[in-house]
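J.: My file is structure_39.cif. It has mmCIF, C-alpha atoms:
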```
data_target
#
loop_
_atom_site.group_PDB
_atom_site.id
_atom_site.type_symbol
_atom_site.label_atom_id
_atom_site.label_comp_id
_atom_site.auth_asym_id
_atom_site.auth_seq_id
_atom_site.Cartn_x
_atom_site.Cartn_y
_atom_site.Cartn_z
ATOM 1 C CA MET A 53 -39.077 -10.442 5.871
ATOM 2 C CA LYS A 54 -38.909 -6.837 4.708
ATOM 3 C CA PHE A 55 -37.358 -5.023 1.754
ATOM 4 C CA GLY A 56 -36.140 -1.436 1.885
ATOM 5 C CA ILE A 57 -35.861 0.805 -1.180
ATOM 6 C CA VAL A 58 -33.406 3.683 -0.750
ATOM 7 C CA VAL A 59 -34.658 6.994 -2.115
ATOM 8 C CA PHE A 60 -31.913 9.408 -3.157
ATOM 9 C CA PRO A 61 -32.753 12.825 -4.552
ATOM 10 C CA GLY A 62 -32.997 11.933 -8.238
ATOM 11 C CA SER A 63 -33.926 8.255 -7.843
ATOM 12 C CA ASN A 64 -36.659 7.477 -10.366
ATOM 13 C CA CYS A 65 -37.096 3.706 -10.233
ATOM 14 C CA ASP A 66 -37.790 3.605 -6.504
ATOM 15 C CA ALA A 67 -41.556 3.273 -7.021
ATOM 16 C CA ASP A 68 -41.051 0.538 -9.645
ATOM 17 C CA ALA A 69 -38.929 -1.451 -7.190
ATOM 18 C CA TYR A 70 -41.478 -0.839 -4.425
ATOM 19 C CA TYR A 71 -44.348 -2.186 -6.548
ATOM 20 C CA ALA A 72 -42.318 -5.134 -7.830
ATOM 21 C CA VAL A 73 -41.726 -6.238 -4.236
ATOM 22 C CA ARG A 74 -45.162 -5.389 -2.872
ATOM 23 C CA ASP A 75 -47.334 -6.524 -5.791
ATOM 24 C CA GLY A 76 -45.021 -8.934 -7.596
ATOM 25 C CA LEU A 77 -43.800 -10.766 -4.509
ATOM 26 C CA GLY A 78 -46.398 -9.784 -1.937
ATOM 27 C CA VAL A 79 -43.643 -9.040 0.575
ATOM 28 C CA PRO A 80 -43.550 -6.025 2.948
ATOM 29 C CA VAL A 81 -41.485 -3.111 1.635
ATOM 30 C CA GLU A 82 -40.694 0.414 2.790
ATOM 31 C CA TYR A 83 -38.881 3.390 1.353
ATOM 32 C CA ILE A 84 -35.651 4.448 3.085
ATOM 33 C CA TRP A 85 -34.893 8.173 2.817
ATOM 34 C CA HIS A 86 -31.271 8.943 1.928
ATOM 35 C CA GLY A 87 -30.883 11.168 4.984
ATOM 36 C CA THR A 88 -31.497 8.388 7.496
ATOM 37 C CA ARG A 89 -28.674 6.611 9.273
ATOM 38 C CA ASP A 90 -30.748 3.646 10.411
ATOM 39 C CA VAL A 91 -31.603 0.653 8.248
ATOM 40 C CA GLY A 92 -32.609 -1.657 11.100
ATOM 41 C CA GLY A 93 -35.388 -4.165 10.435
ATOM 42 C CA PHE A 94 -34.641 -4.730 6.753
ATOM 43 C CA ASP A 95 -33.519 -8.008 5.198
ATOM 44 C CA CYS A 96 -32.775 -6.745 1.706
ATOM 45 C CA ILE A 97 -31.933 -3.207 0.652
ATOM 46 C CA VAL A 98 -32.393 -2.097 -2.946
ATOM 47 C CA LEU A 99 -30.512 0.873 -4.376
ATOM 48 C CA PRO A 100 -32.809 1.793 -7.259
ATOM 49 C CA GLY A 101 -32.189 3.305 -10.660
ATOM 50 C CA GLY A 102 -32.326 6.977 -11.505
ATOM 51 C CA PHE A 103 -29.943 9.894 -11.384
ATOM 52 C CA ALA A 104 -29.012 10.261 -7.714
ATOM 53 C CA TYR A 105 -27.795 13.788 -7.012
ATOM 54 C CA GLY A 106 -28.164 14.525 -10.710
ATOM 55 C CA ASP A 107 -25.283 12.136 -11.497
ATOM 56 C CA TYR A 108 -23.072 15.207 -11.129
ATOM 57 C CA LEU A 109 -19.313 14.594 -11.317
ATOM 58 C CA ARG A 110 -19.835 10.858 -11.994
ATOM 59 C CA ALA A 111 -22.887 8.627 -11.715
ATOM 60 C CA GLY A 112 -23.172 7.562 -8.077
ATOM 61 C CA ALA A 113 -20.183 9.609 -6.907
ATOM 62 C CA ILE A 114 -22.080 11.994 -4.622
ATOM 63 C CA ALA A 115 -24.753 9.487 -3.584
ATOM 64 C CA ARG A 116 -22.156 7.279 -1.912
ATOM 65 C CA PHE A 117 -21.586 10.028 0.663
ATOM 66 C CA SER A 118 -25.286 10.152 1.630
ATOM 67 C CA PRO A 119 -25.874 9.502 5.342
ATOM 68 C CA VAL A 120 -27.772 6.313 4.492
ATOM 69 C CA MET A 121 -24.776 4.805 2.717
ATOM 70 C CA ASP A 122 -22.784 4.437 5.945
ATOM 71 C CA ALA A 123 -25.681 2.381 7.264
ATOM 72 C CA VAL A 124 -25.853 0.377 4.026
ATOM 73 C CA LEU A 125 -22.115 -0.380 4.267
ATOM 74 C CA GLU A 126 -22.558 -1.657 7.829
ATOM 75 C CA PHE A 127 -25.625 -3.632 6.762
ATOM 76 C CA ALA A 128 -23.626 -5.290 3.970
ATOM 77 C CA GLU A 129 -20.744 -5.918 6.378
ATOM 78 C CA ARG A 130 -23.147 -7.824 8.642
ATOM 79 C CA GLY A 131 -24.196 -9.971 5.665
ATOM 80 C CA GLY A 132 -27.384 -8.126 4.724
ATOM 81 C CA LEU A 133 -28.493 -8.433 1.110
ATOM 82 C CA VAL A 134 -27.939 -5.349 -1.054
ATOM 83 C CA LEU A 135 -29.078 -5.131 -4.682
ATOM 84 C CA GLY A 136 -28.038 -2.145 -6.784
ATOM 85 C CA ILE A 137 -29.963 -1.656 -10.011
ATOM 86 C CA CYS A 138 -28.597 0.615 -12.759
ATOM 87 C CA ASN A 139 -27.782 3.854 -10.915
ATOM 88 C CA GLY A 140 -27.766 1.766 -7.726
ATOM 89 C CA PHE A 141 -25.070 -0.453 -9.299
ATOM 90 C CA GLN A 142 -23.063 2.678 -10.072
ATOM 91 C CA VAL A 143 -23.367 3.751 -6.409
ATOM 92 C CA LEU A 144 -22.113 0.306 -5.268
ATOM 93 C CA LEU A 145 -19.090 0.651 -7.567
ATOM 94 C CA GLU A 146 -18.348 4.160 -6.331
ATOM 95 C CA CYS A 147 -18.530 3.151 -2.672
ATOM 96 C CA GLY A 148 -16.319 0.122 -3.244
ATOM 97 C CA LEU A 149 -18.805 -2.597 -2.274
ATOM 98 C CA LEU A 150 -18.317 -3.903 -5.812
ATOM 99 C CA PRO A 151 -15.154 -3.643 -7.948
ATOM 100 C CA GLY A 152 -14.753 -1.724 -11.200
ATOM 101 C CA ALA A 153 -16.311 1.410 -12.654
ATOM 102 C CA MET A 154 -18.748 2.524 -15.321
ATOM 103 C CA LEU A 155 -17.679 4.400 -18.430
ATOM 104 C CA ARG A 156 -19.851 6.225 -20.929
ATOM 105 C CA ASN A 157 -21.527 3.752 -23.324
ATOM 106 C CA ASP A 158 -19.160 3.104 -26.218
ATOM 107 C CA SER A 159 -21.897 4.233 -28.614
ATOM 108 C CA LEU A 160 -22.063 7.533 -26.675
ATOM 109 C CA GLN A 161 -25.842 7.053 -26.820
ATOM 110 C CA PHE A 162 -28.300 6.519 -24.013
ATOM 111 C CA ARG A 163 -29.484 2.954 -24.567
ATOM 112 C CA CYS A 164 -33.086 2.160 -23.798
ATOM 113 C CA GLY A 165 -34.740 -1.153 -24.668
ATOM 114 C CA TYR A 166 -34.926 -4.859 -23.935
ATOM 115 C CA VAL A 167 -31.762 -6.941 -23.859
ATOM 116 C CA ASN A 168 -31.104 -10.667 -23.499
ATOM 117 C CA LEU A 169 -29.037 -11.795 -20.551
ATOM 118 C CA LYS A 170 -27.324 -15.094 -19.951
ATOM 119 C CA VAL A 171 -27.424 -16.269 -16.365
ATOM 120 C CA GLU A 172 -23.824 -17.123 -15.484
ATOM 121 C CA ASN A 173 -24.272 -18.098 -11.840
ATOM 122 C CA ALA A 174 -27.575 -19.335 -10.429
ATOM 123 C CA ALA A 175 -26.200 -20.158 -6.985
ATOM 124 C CA THR A 176 -26.441 -16.705 -5.403
ATOM 125 C CA PRO A 177 -29.087 -15.040 -3.218
ATOM 126 C CA PHE A 178 -30.096 -12.971 -6.266
ATOM 127 C CA THR A 179 -30.238 -15.668 -8.954
ATOM 128 C CA ASN A 180 -31.235 -18.952 -7.285
ATOM 129 C CA ALA A 181 -34.718 -18.926 -8.873
ATOM 130 C CA LEU A 182 -33.041 -19.045 -12.305
ATOM 131 C CA GLU A 183 -30.903 -21.700 -13.970
ATOM 132 C CA ARG A 184 -27.339 -21.316 -15.151
ATOM 133 C CA GLY A 185 -27.271 -20.723 -18.909
ATOM 134 C CA ARG A 186 -30.873 -19.561 -19.085
ATOM 135 C CA VAL A 187 -31.559 -16.484 -21.212
ATOM 136 C CA ILE A 188 -33.776 -13.843 -19.634
ATOM 137 C CA ARG A 189 -35.142 -10.606 -21.093
ATOM 138 C CA LEU A 190 -34.929 -7.358 -19.140
ATOM 139 C CA PRO A 191 -34.972 -3.696 -20.125
ATOM 140 C CA ILE A 192 -31.963 -1.407 -19.887
ATOM 141 C CA ALA A 193 -31.969 2.399 -19.765
ATOM 142 C CA HIS A 194 -28.578 3.997 -19.240
ATOM 143 C CA GLY A 195 -25.899 6.217 -20.705
ATOM 144 C CA GLU A 196 -23.066 4.983 -18.503
ATOM 145 C CA GLY A 197 -23.251 1.215 -18.325
ATOM 146 C CA ASN A 198 -19.950 0.358 -19.954
ATOM 147 C CA TYR A 199 -18.460 -1.840 -17.246
ATOM 148 C CA TYR A 200 -14.725 -1.501 -16.799
ATOM 149 C CA ALA A 201 -12.275 -3.218 -14.486
ATOM 150 C CA ASP A 202 -8.591 -4.037 -14.855
ATOM 151 C CA SER A 203 -7.698 -7.464 -16.200
ATOM 152 C CA GLN A 204 -6.785 -8.860 -12.781
ATOM 153 C CA THR A 205 -10.161 -7.860 -11.341
ATOM 154 C CA LEU A 206 -11.945 -9.356 -14.358
ATOM 155 C CA GLY A 207 -10.001 -12.578 -13.916
ATOM 156 C CA ASN A 208 -10.941 -12.737 -10.236
ATOM 157 C CA LEU A 209 -14.612 -12.085 -10.985
ATOM 158 C CA GLN A 210 -14.719 -14.874 -13.540
ATOM 159 C CA ALA A 211 -12.714 -17.375 -11.527
ATOM 160 C CA ALA A 212 -14.925 -16.903 -8.475
ATOM 161 C CA GLY A 213 -18.216 -17.065 -10.405
ATOM 162 C CA ARG A 214 -18.998 -13.499 -9.488
ATOM 163 C CA VAL A 215 -20.291 -12.563 -12.933
ATOM 164 C CA LEU A 216 -24.066 -13.013 -12.623
ATOM 165 C CA PHE A 217 -25.297 -11.877 -16.049
ATOM 166 C CA ARG A 218 -23.779 -11.230 -19.461
ATOM 167 C CA TYR A 219 -25.397 -9.570 -22.464
ATOM 168 C CA CYS A 220 -26.148 -12.187 -25.125
ATOM 169 C CA ASP A 221 -28.308 -12.818 -28.185
ATOM 170 C CA GLY A 222 -31.632 -14.653 -28.061
ATOM 171 C CA GLU A 223 -29.871 -18.025 -28.171
ATOM 172 C CA GLY A 224 -27.521 -17.256 -25.314
ATOM 173 C CA ASN A 225 -24.453 -16.493 -27.436
ATOM 174 C CA VAL A 226 -22.336 -13.792 -25.799
ATOM 175 C CA THR A 227 -21.399 -11.668 -28.815
ATOM 176 C CA ALA A 228 -20.139 -8.165 -29.506
ATOM 177 C CA GLU A 229 -23.394 -7.401 -31.368
ATOM 178 C CA ALA A 230 -25.425 -8.265 -28.260
ATOM 179 C CA ASN A 231 -23.369 -5.882 -26.119
ATOM 180 C CA PRO A 232 -25.371 -2.636 -25.791
ATOM 181 C CA ASN A 233 -22.733 -0.482 -24.108
ATOM 182 C CA GLY A 234 -19.226 -1.853 -24.575
ATOM 183 C CA SER A 235 -18.986 -3.578 -21.181
ATOM 184 C CA LEU A 236 -15.879 -5.739 -20.852
ATOM 185 C CA LEU A 237 -16.742 -9.444 -21.254
ATOM 186 C CA ASN A 238 -20.367 -8.311 -21.890
ATOM 187 C CA ILE A 239 -20.773 -8.023 -18.119
ATOM 188 C CA ALA A 240 -24.251 -6.864 -17.061
ATOM 189 C CA GLY A 241 -24.214 -7.846 -13.390
ATOM 190 C CA ILE A 242 -21.750 -8.967 -10.714
ATOM 191 C CA CYS A 243 -21.654 -9.731 -6.996
ATOM 192 C CA ASN A 244 -19.107 -9.354 -4.196
ATOM 193 C CA SER A 245 -16.955 -12.232 -2.979
ATOM 194 C CA ARG A 246 -19.333 -13.015 -0.135
ATOM 195 C CA GLY A 247 -22.309 -13.041 -2.507
ATOM 196 C CA ASN A 248 -24.533 -10.739 -0.446
ATOM 197 C CA VAL A 249 -24.067 -7.601 -2.569
ATOM 198 C CA ALA A 250 -25.038 -7.566 -6.237
ATOM 199 C CA GLY A 251 -25.231 -4.917 -8.922
ATOM 200 C CA MET A 252 -26.820 -5.066 -12.357
ATOM 201 C CA MET A 253 -27.461 -2.526 -15.098
ATOM 202 C CA PRO A 254 -30.711 -4.081 -16.456
ATOM 203 C CA HIS A 255 -33.938 -3.330 -14.602
ATOM 204 C CA PRO A 256 -35.664 -6.399 -13.074
ATOM 205 C CA GLU A 257 -38.200 -4.140 -11.321
ATOM 206 C CA ARG A 258 -39.459 -2.900 -14.692
ATOM 207 C CA ALA A 259 -40.182 -6.474 -15.788
ATOM 208 C CA TYR A 260 -42.018 -8.153 -12.943
ATOM 209 C CA GLN A 261 -45.245 -9.021 -14.734
ATOM 210 C CA ARG A 262 -46.080 -9.950 -18.308
ATOM 211 C CA ILE A 263 -48.131 -6.850 -18.981
ATOM 212 C CA LEU A 264 -44.869 -4.889 -18.659
ATOM 213 C CA GLY A 265 -43.283 -6.921 -21.475
ATOM 214 C CA SER A 266 -41.497 -9.532 -19.392
ATOM 215 C CA ALA A 267 -41.881 -11.168 -16.003
ATOM 216 C CA ASP A 268 -38.289 -12.421 -15.892
ATOM 217 C CA GLY A 269 -37.269 -9.677 -13.465
ATOM 218 C CA LEU A 270 -39.498 -11.101 -10.775
ATOM 219 C CA GLU A 271 -37.161 -14.126 -10.570
ATOM 220 C CA ILE A 272 -34.425 -11.861 -9.197
ATOM 221 C CA PHE A 273 -36.670 -10.711 -6.344
ATOM 222 C CA ARG A 274 -38.055 -14.223 -5.884
ATOM 223 C CA SER A 275 -34.484 -15.488 -5.522
ATOM 224 C CA VAL A 276 -33.979 -13.094 -2.625
ATOM 225 C CA THR A 277 -37.113 -14.245 -0.816
ATOM 226 C CA SER A 278 -36.315 -17.915 -1.317
ATOM 227 C CA PHE A 279 -32.785 -17.305 -0.016
ATOM 228 C CA LEU A 280 -34.082 -15.405 3.015
ATOM 229 C CA GLY A 281 -36.864 -17.914 3.597
ATOM 230 C CA GLY A 282 -34.460 -20.845 3.582
ATOM 231 C CA ARG A 283 -31.885 -19.195 5.780
ATOM 232 C CA MET B 1336 -4.447 32.356 3.247
ATOM 233 C CA ASN B 1337 -6.853 31.981 0.381
ATOM 234 C CA LEU B 1338 -5.911 29.580 -2.369
ATOM 235 C CA ARG B 1339 -7.236 28.589 -5.745
ATOM 236 C CA ALA B 1340 -6.812 24.992 -6.886
ATOM 237 C CA THR B 1341 -7.282 24.078 -10.523
ATOM 238 C CA VAL B 1342 -7.960 20.364 -10.903
ATOM 239 C CA THR B 1343 -7.919 18.392 -14.160
ATOM 240 C CA VAL B 1344 -9.431 14.909 -14.235
ATOM 241 C CA THR B 1345 -9.035 12.679 -17.280
ATOM 242 C CA LEU B 1346 -9.524 9.002 -18.044
ATOM 243 C CA LYS B 1347 -6.413 6.888 -17.584
ATOM 244 C CA ARG B 1348 -4.389 6.140 -20.709
ATOM 245 C CA SER B 1349 -5.311 2.476 -20.379
ATOM 246 C CA VAL B 1350 -9.032 3.284 -20.495
ATOM 247 C CA LEU B 1351 -10.794 3.850 -23.808
ATOM 248 C CA ASP B 1352 -12.323 7.332 -23.959
ATOM 249 C CA PRO B 1353 -15.375 7.099 -26.255
ATOM 250 C CA GLN B 1354 -16.086 10.825 -25.973
ATOM 251 C CA GLY B 1355 -12.525 11.695 -26.923
ATOM 252 C CA ALA B 1356 -12.696 9.281 -29.868
ATOM 253 C CA ALA B 1357 -15.929 10.921 -31.076
ATOM 254 C CA VAL B 1358 -14.465 14.429 -30.775
ATOM 255 C CA ARG B 1359 -11.374 13.290 -32.666
ATOM 256 C CA SER B 1360 -13.449 11.841 -35.493
ATOM 257 C CA GLY B 1361 -15.364 15.144 -35.683
ATOM 258 C CA LEU B 1362 -12.128 17.094 -35.919
ATOM 259 C CA LEU B 1363 -10.787 14.731 -38.582
ATOM 260 C CA SER B 1364 -13.918 15.141 -40.653
ATOM 261 C CA MET B 1365 -13.445 18.921 -40.414
ATOM 262 C CA GLY B 1366 -10.062 18.479 -42.022
ATOM 263 C CA TYR B 1367 -7.809 18.625 -38.951
ATOM 264 C CA ASP B 1368 -5.955 15.529 -40.003
ATOM 265 C CA LYS B 1369 -3.054 16.011 -37.614
ATOM 266 C CA VAL B 1370 -5.146 15.185 -34.527
ATOM 267 C CA ARG B 1371 -3.766 11.853 -33.351
ATOM 268 C CA ASP B 1372 -5.682 11.609 -30.055
ATOM 269 C CA VAL B 1373 -8.251 13.490 -27.972
ATOM 270 C CA ARG B 1374 -8.942 12.940 -24.298
ATOM 271 C CA VAL B 1375 -11.993 14.595 -22.749
ATOM 272 C CA GLY B 1376 -11.769 15.458 -19.077
ATOM 273 C CA LYS B 1377 -13.136 17.643 -16.317
ATOM 274 C CA HIS B 1378 -11.819 20.972 -15.142
ATOM 275 C CA LEU B 1379 -12.637 21.984 -11.577
ATOM 276 C CA VAL B 1380 -11.736 25.236 -9.847
ATOM 277 C CA LEU B 1381 -11.764 25.172 -6.040
ATOM 278 C CA GLU B 1382 -11.528 28.317 -3.934
ATOM 279 C CA LEU B 1383 -10.092 27.536 -0.494
ATOM 280 C CA ASP B 1384 -10.306 29.987 2.367
ATOM 281 C CA GLY B 1385 -8.240 30.120 5.549
ATOM 282 C CA CYS B 1386 -5.483 27.615 4.697
ATOM 283 C CA ALA B 1387 -2.397 27.737 6.927
ATOM 284 C CA SER B 1388 -0.075 27.172 3.957
ATOM 285 C CA PRO B 1389 -0.043 26.134 0.312
ATOM 286 C CA GLU B 1390 1.162 22.720 1.535
ATOM 287 C CA GLU B 1391 -1.947 22.291 3.678
ATOM 288 C CA GLY B 1392 -4.132 23.291 0.717
ATOM 289 C CA SER B 1393 -2.250 20.889 -1.499
ATOM 290 C CA ARG B 1394 -2.712 17.988 0.922
ATOM 291 C CA MET B 1395 -6.418 18.732 1.158
ATOM 292 C CA VAL B 1396 -6.941 18.937 -2.597
ATOM 293 C CA ASP B 1397 -5.025 15.698 -3.126
ATOM 294 C CA GLU B 1398 -7.248 13.981 -0.577
ATOM 295 C CA MET B 1399 -10.405 15.429 -2.160
ATOM 296 C CA CYS B 1400 -9.259 14.177 -5.571
ATOM 297 C CA ARG B 1401 -8.682 10.674 -4.246
ATOM 298 C CA ARG B 1402 -11.925 10.512 -2.285
ATOM 299 C CA LEU B 1403 -14.395 12.205 -4.614
ATOM 300 C CA LEU B 1404 -13.230 14.310 -7.530
ATOM 301 C CA ALA B 1405 -11.596 11.436 -9.438
ATOM 302 C CA ASN B 1406 -12.358 7.726 -9.524
ATOM 303 C CA PRO B 1407 -8.969 5.990 -9.238
ATOM 304 C CA VAL B 1408 -10.284 2.910 -11.046
ATOM 305 C CA ILE B 1409 -10.640 4.763 -14.341
ATOM 306 C CA GLU B 1410 -9.344 8.300 -13.891
ATOM 307 C CA GLU B 1411 -6.176 10.207 -13.106
ATOM 308 C CA TYR B 1412 -5.902 13.760 -11.843
ATOM 309 C CA ARG B 1413 -3.482 16.600 -11.540
ATOM 310 C CA PHE B 1414 -3.832 20.025 -9.990
ATOM 311 C CA GLU B 1415 -2.167 23.352 -9.570
ATOM 312 C CA ILE B 1416 -2.515 25.452 -6.481
ATOM 313 C CA ALA B 1417 -1.824 29.155 -6.151
ATOM 314 C CA GLU B 1418 -2.725 32.109 -3.999
ATOM 315 C CA ALA B 1419 -6.247 33.199 -4.949
ATOM 316 C CA PRO B 1420 -6.460 36.485 -6.823
ATOM 317 C CA SER B 1421 -7.914 39.235 -4.636
ATOM 318 C CA ARG B 1422 -11.660 39.494 -4.958
ATOM 319 C CA GLY B 1423 -11.386 43.208 -5.798
ATOM 320 C CA GLY B 1424 -14.355 45.552 -5.718
ATOM 321 C CA HIS B 1425 -15.024 48.372 -3.281
ATOM 322 C CA GLU B 1426 -16.360 47.932 0.183
ATOM 323 C CA CYS B 1427 -19.148 50.256 1.016
#
```
Could you show the structure in this file as structure tokens?

T.:
Amino acid sequence: MKFGIVVFPGSNCDADAYYAVRDGLGVPVEYIWHGTRDVGGFDCIVLPGGFAYGDYLRAGAIARFSPVMDAVLEFAERGGLVLGICNGFQVLLECGLLPGAMLRNDSLQFRCGYVNLKVENAATPFTNALERGRVIRLPIAHGEGNYYADSQTLGNLQAAGRVLFRYCDGEGNVTAEANPNGSLLNIAGICNSRGNVAGMMPHPERAYQRILGSADGLEIFRSVTSFLGGR
Amino acid sequence: MNLRATVTVTLKRSVLDPQGAAVRSGLLSMGYDKVRDVRVGKHLVLELDGCASPEEGSRMVDEMCRRLLANPVIEEYRFEIAEAPSRGGHEC
């Protein structure tokens, strides 16, 4: 079992993801340079947070045309697991692996801090180590995390259980006050219809051990290994 | 032929524009009380060299807008295309 962390010019959470997998999980992990066209040998590919290509034009817009993204699309097509975190989520939206788009936070402010998330679906490769309805704490750090999709897409996501996480208060109530960025339906993370591609704005890799403030993020990575191990 | 395309990208009407709303509230607080709505967008100027015709340039720009310059989920675009002004200057 091996994880790959894509490194775009401007990625800045690649090392965090690398350490979360290597030290948190104890699973082999390698960086994947954005210029490569080969992602053979990996079981899970992480698109990390940061500001790929400076976020010029739109967050993730240029990164999706990186040589590596063709390989990531093929990898996902074959059923490989792809997790996009923050900027990586934005790249997945731009390249169409996940539906919707990100708008500027409704506060117009960069939001940085811990949020509470309600687990909406614990039966995916990325959430099976959690329980449905559980509240986890993870940090966010973004200026464009205001998830938008048309009402039909939102309906489809909900009906198919493709919403993985929603912003909530400490008791698990999904409220407007607990929404840090204006995301529709408080959506913080979603997956594709097949369940092998997921994107989330909060940063599990920044919360993989208690000394970092929370170890809840490790459960996301642990879910992946338990899914791969049981396959 | 050399062409200049001027592309404007804005958020769709159906999408809330928080930047536009903030600019509007700034203008209102300055006393410009007739400002009903503000939409913030992007303005891109593309210089195209060696196009066979304005139609070819137009097709290309439309494709570039759909594939990269605008995100059809949240944005709409429009563009104008015209013969590029001569670069001027003296050759020496």

J.: Please write the residues picked by the PyMOL selection byres ((chain A) within 12 of (chain B)) on this file as a ChimeraX atom specification.

T.: /A:108-117,142,145-148,150-161,195-196,198-203,205,233-236

J.: Could you dump the residues just selected with C-alpha atoms as an mmCIF file, in the coordinates of the input?

T.:
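Below is the file that was written, again.cif:
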```cif
data_model
loop_
_atom_site.group_PDB
_atom_site.id
_atom_site.type_symbol
_atom_site.label_atom_id
_atom_site.label_comp_id
_atom_site.auth_asym_id
_atom_site.auth_seq_id
_atom_site.Cartn_x
_atom_site.Cartn_y
_atom_site.Cartn_z
ATOM 1 C CA TYR A 108 -23.072 15.207 -11.129
ATOM 2 C CA LEU A 109 -19.313 14.594 -11.317
ATOM 3 C CA ARG A 110 -19.835 10.858 -11.994
ATOM 4 C CA ALA A 111 -22.887 8.627 -11.715
ATOM 5 C CA GLY A 112 -23.172 7.562 -8.077
ATOM 6 C CA ALA A 113 -20.183 9.609 -6.907
ATOM 7 C CA ILE A 114 -22.080 11.994 -4.622
ATOM 8 C CA ALA A 115 -24.753 9.487 -3.584
ATOM 9 C CA ARG A 116 -22.156 7.279 -1.912
ATOM 10 C CA PHE A 117 -21.586 10.028 0.663
ATOM 11 C CA GLN A 142 -23.063 2.678 -10.072
ATOM 12 C CA LEU A 145 -19.090 0.651 -7.567
ATOM 13 C CA GLU A 146 -18.348 4.160 -6.331
ATOM 14 C CA CYS A 147 -18.530 3.151 -2.672
ATOM 15 C CA GLY A 148 -16.319 0.122 -3.244
ATOM 16 C CA LEU A 150 -18.317 -3.903 -5.812
ATOM 17 C CA PRO A 151 -15.154 -3.643 -7.948
ATOM 18 C CA GLY A 152 -14.753 -1.724 -11.200
ATOM 19 C CA ALA A 153 -16.311 1.410 -12.654
ATOM 20 C CA MET A 154 -18.748 2.524 -15.321
ATOM 21 C CA LEU A 155 -17.679 4.400 -18.430
ATOM 22 C CA ARG A 156 -19.851 6.225 -20.929
ATOM 23 C CA ASN A 157 -21.527 3.752 -23.324
ATOM 24 C CA ASP A 158 -19.160 3.104 -26.218
ATOM 25 C CA SER A 159 -21.897 4.233 -28.614
ATOM 26 C CA LEU A 160 -22.063 7.533 -26.675
ATOM 27 C CA GLN A 161 -25.842 7.053 -26.820
ATOM 28 C CA GLY A 195 -25.899 6.217 -20.705
ATOM 29 C CA GLU A 196 -23.066 4.983 -18.503
ATOM 30 C CA ASN A 198 -19.950 0.358 -19.954
ATOM 31 C CA TYR A 199 -18.460 -1.840 -17.246
ATOM 32 C CA TYR A 200 -14.725 -1.501 -16.799
ATOM 33 C CA ALA A 201 -12.275 -3.218 -14.486
ATOM 34 C CA ASP A 202 -8.591 -4.037 -14.855
ATOM 35 C CA SER A 203 -7.698 -7.464 -16.200
ATOM 36 C CA THR A 205 -10.161 -7.860 -11.341
ATOM 37 C CA ASN A 233 -22.733 -0.482 -24.108
ATOM 38 C CA GLY A 234 -19.226 -1.853 -24.575
ATOM 39 C CA SER A 235 -18.986 -3.578 -21.181
ATOM 40 C CA LEU A 236 -15.879 -5.739 -20.852
#
```

J.: For a test of reading the model, state the distance in Å between CA of Ala104 in chain A and CA of Ile84 in chain A, rounded to one decimal.

T.: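 Distance reported for this atom pair: 13.9 Å.
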
J.: Assuming the chain letters and numbering stay as they are in my file, what does the PyMOL selection byres ((chain A and resi 260) around 10) actually select? List them as a PyMOL selection string.

T.: chain A and resi 68-69+71-73+75-77+190+255-259+261-273

J.: Of the candidates B:Asn1337, B:Ser1421, B:Ser1388, B:Thr1345, which shows the shortest atom-to-atom distance to Val1373 in chain B, using all atoms listed in the file?

T.: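 Of B:Asn1337, B:Ser1421, B:Ser1388, B:Thr1345, the one nearest Val1373 in chain B is B:Thr1345, counting all atoms listed in the file.
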
J.: List the residues selected by the PyMOL selection byres ((chain B and resi 1390) around 12) in the file shown, writing them as a PDB file with C-alpha atoms, in the coordinates of the input.

T.:
```
ATOM      1  CA  MET B1336      -4.447  32.356   3.247  1.00  0.00           C
ATOM      2  CA  LEU B1338      -5.911  29.580  -2.369  1.00  0.00           C
ATOM      3  CA  ALA B1340      -6.812  24.992  -6.886  1.00  0.00           C
ATOM      4  CA  CYS B1386      -5.483  27.615   4.697  1.00  0.00           C
ATOM      5  CA  ALA B1387      -2.397  27.737   6.927  1.00  0.00           C
ATOM      6  CA  SER B1388      -0.075  27.172   3.957  1.00  0.00           C
ATOM      7  CA  PRO B1389      -0.043  26.134   0.312  1.00  0.00           C
ATOM      8  CA  GLU B1391      -1.947  22.291   3.678  1.00  0.00           C
ATOM      9  CA  GLY B1392      -4.132  23.291   0.717  1.00  0.00           C
ATOM     10  CA  SER B1393      -2.250  20.889  -1.499  1.00  0.00           C
ATOM     11  CA  ARG B1394      -2.712  17.988   0.922  1.00  0.00           C
ATOM     12  CA  MET B1395      -6.418  18.732   1.158  1.00  0.00           C
ATOM     13  CA  VAL B1396      -6.941  18.937  -2.597  1.00  0.00           C
ATOM     14  CA  ASP B1397      -5.025  15.698  -3.126  1.00  0.00           C
ATOM     15  CA  GLU B1415      -2.167  23.352  -9.570  1.00  0.00           C
ATOM     16  CA  ILE B1416      -2.515  25.452  -6.481  1.00  0.00           C
ATOM     17  CA  ALA B1417      -1.824  29.155  -6.151  1.00  0.00           C
ATOM     18  CA  GLU B1418      -2.725  32.109  -3.999  1.00  0.00           C
TER      19      GLU B1418
END
```

J.: Measure the distance from CA of Val276 in chain A to CA of Phe217 in chain A in Å and round it to one decimal.

T.: 16.0 Å

J.: Of the residues A:Val120, A:Leu182, A:Cys65, A:Val143, which is the one nearest to Asp107 in chain A, using all atoms listed in the file?

T.: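 Looking only at the distances to Asp107 in chain A, the closest residue turns out to be A:Val143.
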
J.: Mind giving me the straight-line distance from CA of Arg163 in chain A to CA of Lys1347 in chain B in Å, one decimal?

T.: 24.4 Å

J.: Pick from A:Pro177, A:Gly131, A:Gly101, A:Gly56: nearest to Arg274 in chain A, with only C-alpha atoms counted?

T.: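 Result for the nearest residue to Arg274 in chain A: A:Pro177.
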